[in-house]
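Asks: This is query-v8.cif (mmCIF, N, CA, C and O atoms; chains and numbers go by the auth columns).
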```cif
data_data
#
loop_
_atom_site.group_PDB
_atom_site.id
_atom_site.type_symbol
_atom_site.label_atom_id
_atom_site.label_comp_id
_atom_site.label_asym_id
_atom_site.label_seq_id
_atom_site.Cartn_x
_atom_site.Cartn_y
_atom_site.Cartn_z
_atom_site.B_iso_or_equiv
_atom_site.auth_seq_id
_atom_site.auth_asym_id
ATOM 1 N N MET A 1 3.936 147.523 117.038 0.00 124 A
ATOM 2 C CA MET A 1 4.771 146.981 115.979 0.00 124 A
ATOM 3 C C MET A 1 3.996 145.897 115.243 0.00 124 A
ATOM 4 O O MET A 1 3.238 145.158 115.839 0.00 124 A
ATOM 5 N N THR A 2 4.258 145.817 113.965 0.00 125 A
ATOM 6 C CA THR A 2 3.608 144.789 113.157 0.00 125 A
ATOM 7 C C THR A 2 4.292 143.442 113.391 0.00 125 A
ATOM 8 O O THR A 2 5.446 143.387 113.844 0.00 125 A
ATOM 9 N N PRO A 3 3.610 142.370 113.065 0.00 126 A
ATOM 10 C CA PRO A 3 4.257 141.052 113.195 0.00 126 A
ATOM 11 C C PRO A 3 5.549 140.953 112.378 0.00 126 A
ATOM 12 O O PRO A 3 6.521 140.340 112.818 0.00 126 A
ATOM 13 N N ARG A 4 5.588 141.573 111.214 0.00 127 A
ATOM 14 C CA ARG A 4 6.789 141.542 110.384 0.00 127 A
ATOM 15 C C ARG A 4 7.938 142.290 111.060 0.00 127 A
ATOM 16 O O ARG A 4 9.084 141.839 111.051 0.00 127 A
ATOM 17 N N GLN A 5 7.636 143.430 111.669 0.00 128 A
ATOM 18 C CA GLN A 5 8.662 144.192 112.379 0.00 128 A
ATOM 19 C C GLN A 5 9.201 143.393 113.558 0.00 128 A
ATOM 20 O O GLN A 5 10.406 143.392 113.807 0.00 128 A
ATOM 21 N N VAL A 6 8.325 142.716 114.268 0.00 129 A
ATOM 22 C CA VAL A 6 8.765 141.870 115.385 0.00 129 A
ATOM 23 C C VAL A 6 9.671 140.761 114.876 0.00 129 A
ATOM 24 O O VAL A 6 10.736 140.484 115.444 0.00 129 A
ATOM 25 N N GLU A 7 9.278 140.139 113.773 0.00 130 A
ATOM 26 C CA GLU A 7 10.080 139.062 113.192 0.00 130 A
ATOM 27 C C GLU A 7 11.467 139.560 112.788 0.00 130 A
ATOM 28 O O GLU A 7 12.482 138.921 113.092 0.00 130 A
ATOM 29 N N ILE A 8 11.519 140.718 112.143 0.00 131 A
ATOM 30 C CA ILE A 8 12.802 141.282 111.719 0.00 131 A
ATOM 31 C C ILE A 8 13.654 141.644 112.933 0.00 131 A
ATOM 32 O O ILE A 8 14.857 141.362 112.953 0.00 131 A
ATOM 33 N N CYS A 9 13.058 142.223 113.952 0.00 132 A
ATOM 34 C CA CYS A 9 13.805 142.561 115.174 0.00 132 A
ATOM 35 C C CYS A 9 14.346 141.320 115.859 0.00 132 A
ATOM 36 O O CYS A 9 15.476 141.323 116.361 0.00 132 A
ATOM 37 N N GLU A 10 13.562 140.255 115.881 0.00 133 A
ATOM 38 C CA GLU A 10 14.041 139.000 116.479 0.00 133 A
ATOM 39 C C GLU A 10 15.236 138.455 115.705 0.00 133 A
ATOM 40 O O GLU A 10 16.220 138.009 116.308 0.00 133 A
ATOM 41 N N LEU A 11 15.150 138.475 114.388 0.00 134 A
ATOM 42 C CA LEU A 11 16.274 137.990 113.583 0.00 134 A
ATOM 43 C C LEU A 11 17.509 138.863 113.798 0.00 134 A
ATOM 44 O O LEU A 11 18.628 138.359 113.865 0.00 134 A
ATOM 45 N N LYS A 12 17.305 140.157 113.934 0.00 135 A
ATOM 46 C CA LYS A 12 18.413 141.096 114.099 0.00 135 A
ATOM 47 C C LYS A 12 19.047 140.984 115.481 0.00 135 A
ATOM 48 O O LYS A 12 20.267 140.859 115.608 0.00 135 A
ATOM 49 N N PHE A 13 18.229 141.027 116.518 0.00 136 A
ATOM 50 C CA PHE A 13 18.763 141.148 117.875 0.00 136 A
ATOM 51 C C PHE A 13 18.868 139.832 118.635 0.00 136 A
ATOM 52 O O PHE A 13 19.708 139.713 119.520 0.00 136 A
ATOM 53 N N VAL A 14 18.046 138.867 118.326 0.00 137 A
ATOM 54 C CA VAL A 14 18.121 137.582 119.017 0.00 137 A
ATOM 55 C C VAL A 14 19.088 136.648 118.294 0.00 137 A
ATOM 56 O O VAL A 14 19.958 136.041 118.915 0.00 137 A
ATOM 57 N N LYS A 15 18.939 136.572 116.965 0.00 138 A
ATOM 58 C CA LYS A 15 19.802 135.670 116.198 0.00 138 A
ATOM 59 C C LYS A 15 21.072 136.351 115.701 0.00 138 A
ATOM 60 O O LYS A 15 21.972 135.680 115.208 0.00 138 A
ATOM 61 N N GLY A 16 21.132 137.688 115.796 0.00 139 A
ATOM 62 C CA GLY A 16 22.344 138.407 115.408 0.00 139 A
ATOM 63 C C GLY A 16 22.613 138.440 113.916 0.00 139 A
ATOM 64 O O GLY A 16 23.751 138.568 113.487 0.00 139 A
ATOM 65 N N MET A 17 21.561 138.346 113.110 0.00 140 A
ATOM 66 C CA MET A 17 21.723 138.345 111.661 0.00 140 A
ATOM 67 C C MET A 17 21.937 139.770 111.138 0.00 140 A
ATOM 68 O O MET A 17 21.465 140.728 111.731 0.00 140 A
ATOM 69 N N THR A 18 22.647 139.875 110.039 0.00 141 A
ATOM 70 C CA THR A 18 22.814 141.170 109.381 0.00 141 A
ATOM 71 C C THR A 18 21.552 141.491 108.581 0.00 141 A
ATOM 72 O O THR A 18 20.728 140.608 108.318 0.00 141 A
ATOM 73 N N ASN A 19 21.411 142.756 108.191 0.00 142 A
ATOM 74 C CA ASN A 19 20.255 143.142 107.391 0.00 142 A
ATOM 75 C C ASN A 19 20.221 142.371 106.074 0.00 142 A
ATOM 76 O O ASN A 19 19.151 141.983 105.598 0.00 142 A
ATOM 77 N N TYR A 20 21.386 142.146 105.495 0.00 143 A
ATOM 78 C CA TYR A 20 21.463 141.380 104.251 0.00 143 A
ATOM 79 C C TYR A 20 20.968 139.944 104.468 0.00 143 A
ATOM 80 O O TYR A 20 20.219 139.414 103.660 0.00 143 A
ATOM 81 N N GLN A 21 21.391 139.319 105.567 0.00 144 A
ATOM 82 C CA GLN A 21 20.956 137.951 105.861 0.00 144 A
ATOM 83 C C GLN A 21 19.449 137.885 106.112 0.00 144 A
ATOM 84 O O GLN A 21 18.784 136.951 105.674 0.00 144 A
ATOM 85 N N ILE A 22 18.931 138.886 106.813 0.00 145 A
ATOM 86 C CA ILE A 22 17.495 138.944 107.081 0.00 145 A
ATOM 87 C C ILE A 22 16.735 139.071 105.770 0.00 145 A
ATOM 88 O O ILE A 22 15.740 138.368 105.547 0.00 145 A
ATOM 89 N N ALA A 23 17.199 139.950 104.896 0.00 146 A
ATOM 90 C CA ALA A 23 16.544 140.142 103.604 0.00 146 A
ATOM 91 C C ALA A 23 16.514 138.841 102.810 0.00 146 A
ATOM 92 O O ALA A 23 15.483 138.477 102.225 0.00 146 A
ATOM 93 N N ALA A 24 17.621 138.119 102.803 0.00 147 A
ATOM 94 C CA ALA A 24 17.681 136.847 102.079 0.00 147 A
ATOM 95 C C ALA A 24 16.747 135.816 102.704 0.00 147 A
ATOM 96 O O ALA A 24 16.058 135.072 101.992 0.00 147 A
ATOM 97 N N GLU A 25 16.704 135.780 104.017 0.00 148 A
ATOM 98 C CA GLU A 25 15.854 134.828 104.746 0.00 148 A
ATOM 99 C C GLU A 25 14.369 135.066 104.459 0.00 148 A
ATOM 100 O O GLU A 25 13.593 134.119 104.300 0.00 148 A
ATOM 101 N N LEU A 26 13.982 136.336 104.389 0.00 149 A
ATOM 102 C CA LEU A 26 12.566 136.677 104.233 0.00 149 A
ATOM 103 C C LEU A 26 12.177 136.990 102.789 0.00 149 A
ATOM 104 O O LEU A 26 11.023 137.331 102.528 0.00 149 A
ATOM 105 N N ASN A 27 13.130 136.878 101.877 0.00 150 A
ATOM 106 C CA ASN A 27 12.883 137.178 100.459 0.00 150 A
ATOM 107 C C ASN A 27 12.348 138.585 100.245 0.00 150 A
ATOM 108 O O ASN A 27 11.360 138.790 99.534 0.00 150 A
ATOM 109 N N VAL A 28 12.990 139.552 100.897 0.00 151 A
ATOM 110 C CA VAL A 28 12.674 140.963 100.707 0.00 151 A
ATOM 111 C C VAL A 28 13.988 141.699 100.442 0.00 151 A
ATOM 112 O O VAL A 28 15.064 141.127 100.573 0.00 151 A
ATOM 113 N N SER A 29 13.897 142.966 100.076 0.00 152 A
ATOM 114 C CA SER A 29 15.113 143.737 99.820 0.00 152 A
ATOM 115 C C SER A 29 15.735 144.215 101.131 0.00 152 A
ATOM 116 O O SER A 29 15.054 144.307 102.160 0.00 152 A
ATOM 117 N N VAL A 30 17.012 144.531 101.068 0.00 153 A
ATOM 118 C CA VAL A 30 17.705 145.080 102.231 0.00 153 A
ATOM 119 C C VAL A 30 17.064 146.415 102.609 0.00 153 A
ATOM 120 O O VAL A 30 16.936 146.746 103.792 0.00 153 A
ATOM 121 N N LYS A 31 16.636 147.168 101.601 0.00 154 A
ATOM 122 C CA LYS A 31 15.983 148.448 101.854 0.00 154 A
ATOM 123 C C LYS A 31 14.699 148.256 102.665 0.00 154 A
ATOM 124 O O LYS A 31 14.390 149.054 103.556 0.00 154 A
ATOM 125 N N THR A 32 13.970 147.200 102.389 0.00 155 A
ATOM 126 C CA THR A 32 12.759 146.896 103.153 0.00 155 A
ATOM 127 C C THR A 32 13.100 146.582 104.599 0.00 155 A
ATOM 128 O O THR A 32 12.435 147.049 105.520 0.00 155 A
ATOM 129 N N VAL A 33 14.145 145.808 104.817 0.00 156 A
ATOM 130 C CA VAL A 33 14.586 145.487 106.174 0.00 156 A
ATOM 131 C C VAL A 33 14.985 146.765 106.899 0.00 156 A
ATOM 132 O O VAL A 33 14.578 146.987 108.046 0.00 156 A
ATOM 133 N N ASP A 34 15.754 147.623 106.231 0.00 157 A
ATOM 134 C CA ASP A 34 16.159 148.899 106.834 0.00 157 A
ATOM 135 C C ASP A 34 14.933 149.724 107.224 0.00 157 A
ATOM 136 O O ASP A 34 14.875 150.275 108.327 0.00 157 A
ATOM 137 N N LYS A 35 13.972 149.812 106.326 0.00 158 A
ATOM 138 C CA LYS A 35 12.762 150.606 106.570 0.00 158 A
ATOM 139 C C LYS A 35 11.978 150.054 107.757 0.00 158 A
ATOM 140 O O LYS A 35 11.541 150.808 108.635 0.00 158 A
ATOM 141 N N GLU A 36 11.802 148.751 107.804 0.00 159 A
ATOM 142 C CA GLU A 36 11.043 148.132 108.897 0.00 159 A
ATOM 143 C C GLU A 36 11.759 148.320 110.237 0.00 159 A
ATOM 144 O O GLU A 36 11.120 148.587 111.259 0.00 159 A
ATOM 145 N N LEU A 37 13.082 148.191 110.243 0.00 160 A
ATOM 146 C CA LEU A 37 13.842 148.402 111.478 0.00 160 A
ATOM 147 C C LEU A 37 13.748 149.853 111.939 0.00 160 A
ATOM 148 O O LEU A 37 13.563 150.111 113.132 0.00 160 A
ATOM 149 N N ASN A 38 13.862 150.789 111.016 0.00 161 A
ATOM 150 C CA ASN A 38 13.765 152.203 111.376 0.00 161 A
ATOM 151 C C ASN A 38 12.395 152.525 111.962 0.00 161 A
ATOM 152 O O ASN A 38 12.291 153.260 112.939 0.00 161 A
ATOM 153 N N THR A 39 11.355 151.979 111.373 0.00 162 A
ATOM 154 C CA THR A 39 10.004 152.201 111.892 0.00 162 A
ATOM 155 C C THR A 39 9.866 151.604 113.287 0.00 162 A
ATOM 156 O O THR A 39 9.300 152.223 114.186 0.00 162 A
ATOM 157 N N ALA A 40 10.403 150.408 113.477 0.00 163 A
ATOM 158 C CA ALA A 40 10.344 149.762 114.792 0.00 163 A
ATOM 159 C C ALA A 40 11.130 150.573 115.824 0.00 163 A
ATOM 160 O O ALA A 40 10.663 150.759 116.955 0.00 163 A
ATOM 161 N N TYR A 41 12.316 151.065 115.449 0.00 164 A
ATOM 162 C CA TYR A 41 13.118 151.886 116.366 0.00 164 A
ATOM 163 C C TYR A 41 12.334 153.117 116.806 0.00 164 A
ATOM 164 O O TYR A 41 12.336 153.480 117.976 0.00 164 A
ATOM 165 N N LYS A 42 11.673 153.771 115.858 0.00 165 A
ATOM 166 C CA LYS A 42 10.894 154.971 116.181 0.00 165 A
ATOM 167 C C LYS A 42 9.761 154.640 117.147 0.00 165 A
ATOM 168 O O LYS A 42 9.500 155.389 118.093 0.00 165 A
ATOM 169 N N GLN A 43 9.082 153.533 116.920 0.00 166 A
ATOM 170 C CA GLN A 43 7.990 153.137 117.802 0.00 166 A
ATOM 171 C C GLN A 43 8.500 152.825 119.200 0.00 166 A
ATOM 172 O O GLN A 43 7.888 153.228 120.194 0.00 166 A
ATOM 173 N N ILE A 44 9.612 152.123 119.285 0.00 167 A
ATOM 174 C CA ILE A 44 10.190 151.789 120.587 0.00 167 A
ATOM 175 C C ILE A 44 10.643 153.053 121.308 0.00 167 A
ATOM 176 O O ILE A 44 10.402 153.219 122.509 0.00 167 A
ATOM 177 N N THR A 45 11.262 153.960 120.582 0.00 168 A
ATOM 178 C CA THR A 45 11.712 155.229 121.164 0.00 168 A
ATOM 179 C C THR A 45 10.531 156.032 121.699 0.00 168 A
ATOM 180 O O THR A 45 10.608 156.600 122.791 0.00 168 A
ATOM 181 N N ASN A 46 9.428 156.049 120.948 0.00 169 A
ATOM 182 C CA ASN A 46 8.234 156.766 121.401 0.00 169 A
ATOM 183 C C ASN A 46 7.693 156.166 122.691 0.00 169 A
ATOM 184 O O ASN A 46 7.304 156.904 123.607 0.00 169 A
ATOM 185 N N VAL A 47 7.665 154.865 122.783 0.00 170 A
ATOM 186 C CA VAL A 47 7.155 154.210 124.005 0.00 170 A
ATOM 187 C C VAL A 47 8.082 154.520 125.184 0.00 170 A
ATOM 188 O O VAL A 47 7.620 154.863 126.261 0.00 170 A
ATOM 189 N N LEU A 48 9.385 154.417 124.961 0.00 171 A
ATOM 190 C CA LEU A 48 10.338 154.656 126.046 0.00 171 A
ATOM 191 C C LEU A 48 10.322 156.101 126.524 0.00 171 A
ATOM 192 O O LEU A 48 10.626 156.376 127.682 0.00 171 A
ATOM 193 N N SER A 49 9.998 157.028 125.645 0.00 172 A
ATOM 194 C CA SER A 49 9.985 158.438 126.030 0.00 172 A
ATOM 195 C C SER A 49 8.875 158.742 127.039 0.00 172 A
ATOM 196 O O SER A 49 8.950 159.727 127.757 0.00 172 A
ATOM 197 N N PHE A 50 7.869 157.877 127.098 0.00 173 A
ATOM 198 C CA PHE A 50 6.769 158.081 128.050 0.00 173 A
ATOM 199 C C PHE A 50 7.033 157.426 129.399 0.00 173 A
ATOM 200 O O PHE A 50 6.275 157.623 130.335 0.00 173 A
ATOM 201 N N LEU A 51 8.092 156.659 129.516 0.00 174 A
ATOM 202 C CA LEU A 51 8.392 155.977 130.790 0.00 174 A
ATOM 203 C C LEU A 51 9.172 156.858 131.726 0.00 174 A
ATOM 204 O O LEU A 51 9.838 157.747 131.442 0.00 174 A
#
```
Write out the structure in this file as structure tokens.

Replies:
Amino acid sequence: MTPRQVEICELKFVKGMTNYQIAAELNVSVKTVDKELNTAYKQITNVLSFL
């Protein structure tokens, strides 16, 4: 995962922020947050599938 994906995941799952709040915090679009989260989910799923 990229540092940005880690940052977005931390804001989402640790701080409990919505995608809209994350987008406002990081000055990016909600679509960008959605895309980064989806990519991170896929990477995590791939790692877990090997366990």

Asks: Contacts of stretch 125-140 of chain A at 8 Å or less, counting only C-alpha atoms, minus same-chain residues fewer than 5 places along, as a count of residues only?

Replies: 5

Asks: Give the helix (DSSP H, G or I) residues of stretch 124-168 of chain A, as DSSP finds them on the backbone, and put them as a VMD selection string.

Replies: chain A and resid 126 to 137 142 to 149 153 to 168

Asks: Applying the PyMOL selection byres (((chain A and resi 143 and name CA) around 10) and name CA) to the file I just gave you, which residues come out? Please list them as a PyMOL selection string.

Replies: chain A and resi 140-142+144-148+151-154+156-157

Asks: Suppose we keep N, CA, C and O atoms; can you now write the selection as a JSON list (two decimals), in the frame of the given file?

Replies:
```json
[["chain", "number", "residue", "atom", "x", "y", "z"],
["A", 140, "MET", "N", 21.56, 138.35, 113.11],
["A", 140, "MET", "CA", 21.72, 138.34, 111.66],
["A", 140, "MET", "C", 21.94, 139.77, 111.14],
["A", 140, "MET", "O", 21.46, 140.73, 111.73],
["A", 141, "THR", "N", 22.65, 139.88, 110.04],
["A", 141, "THR", "CA", 22.81, 141.17, 109.38],
["A", 141, "THR", "C", 21.55, 141.49, 108.58],
["A", 141, "THR", "O", 20.73, 140.61, 108.32],
["A", 142, "ASN", "N", 21.41, 142.76, 108.19],
["A", 142, "ASN", "CA", 20.26, 143.14, 107.39],
["A", 142, "ASN", "C", 20.22, 142.37, 106.07],
["A", 142, "ASN", "O", 19.15, 141.98, 105.60],
["A", 144, "GLN", "N", 21.39, 139.32, 105.57],
["A", 144, "GLN", "CA", 20.96, 137.95, 105.86],
["A", 144, "GLN", "C", 19.45, 137.88, 106.11],
["A", 144, "GLN", "O", 18.78, 136.95, 105.67],
["A", 145, "ILE", "N", 18.93, 138.89, 106.81],
["A", 145, "ILE", "CA", 17.50, 138.94, 107.08],
["A", 145, "ILE", "C", 16.74, 139.07, 105.77],
["A", 145, "ILE", "O", 15.74, 138.37, 105.55],
["A", 146, "ALA", "N", 17.20, 139.95, 104.90],
["A", 146, "ALA", "CA", 16.54, 140.14, 103.60],
["A", 146, "ALA", "C", 16.51, 138.84, 102.81],
["A", 146, "ALA", "O", 15.48, 138.48, 102.22],
["A", 147, "ALA", "N", 17.62, 138.12, 102.80],
["A", 147, "ALA", "CA", 17.68, 136.85, 102.08],
["A", 147, "ALA", "C", 16.75, 135.82, 102.70],
["A", 147, "ALA", "O", 16.06, 135.07, 101.99],
["A", 148, "GLU", "N", 16.70, 135.78, 104.02],
["A", 148, "GLU", "CA", 15.85, 134.83, 104.75],
["A", 148, "GLU", "C", 14.37, 135.07, 104.46],
["A", 148, "GLU", "O", 13.59, 134.12, 104.30],
["A", 151, "VAL", "N", 12.99, 139.55, 100.90],
["A", 151, "VAL", "CA", 12.67, 140.96, 100.71],
["A", 151, "VAL", "C", 13.99, 141.70, 100.44],
["A", 151, "VAL", "O", 15.06, 141.13, 100.57],
["A", 152, "SER", "N", 13.90, 142.97, 100.08],
["A", 152, "SER", "CA", 15.11, 143.74, 99.82],
["A", 152, "SER", "C", 15.74, 144.22, 101.13],
["A", 152, "SER", "O", 15.05, 144.31, 102.16],
["A", 153, "VAL", "N", 17.01, 144.53, 101.07],
["A", 153, "VAL", "CA", 17.70, 145.08, 102.23],
["A", 153, "VAL", "C", 17.06, 146.42, 102.61],
["A", 153, "VAL", "O", 16.94, 146.75, 103.79],
["A", 154, "LYS", "N", 16.64, 147.17, 101.60],
["A", 154, "LYS", "CA", 15.98, 148.45, 101.85],
["A", 154, "LYS", "C", 14.70, 148.26, 102.66],
["A", 154, "LYS", "O", 14.39, 149.05, 103.56],
["A", 156, "VAL", "N", 14.14, 145.81, 104.82],
["A", 156, "VAL", "CA", 14.59, 145.49, 106.17],
["A", 156, "VAL", "C", 14.98, 146.76, 106.90],
["A", 156, "VAL", "O", 14.58, 146.99, 108.05],
["A", 157, "ASP", "N", 15.75, 147.62, 106.23],
["A", 157, "ASP", "CA", 16.16, 148.90, 106.83],
["A", 157, "ASP", "C", 14.93, 149.72, 107.22],
["A", 157, "ASP", "O", 14.88, 150.28, 108.33]]
```

Asks: Please report the interatomic distance between atom N of A:Met124 and atom C of A:Thr162 in Å with one decimal.

Replies: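 A separation of 8.1 Å between them.
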
Asks: How many Å separate atom N of A:Thr168 from atom O of A:Thr155?

Replies: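 Atom-to-atom, atom N of A:Thr168 to atom O of A:Thr155, that is 16.6 Å.
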
Asks: Let me know the centre plus edge lengths, in Å and rounded to one decimal, of a box with edges along x, y and z that contains all listed atoms of stretch 159-169 of chain A and is padded by 5 Å on every side, as JSON.

Replies:
```
{"center_x": 10.6, "center_y": 152.5, "center_z": 115.7, "size_x": 16.6, "size_y": 18.8, "size_z": 25.8}
```
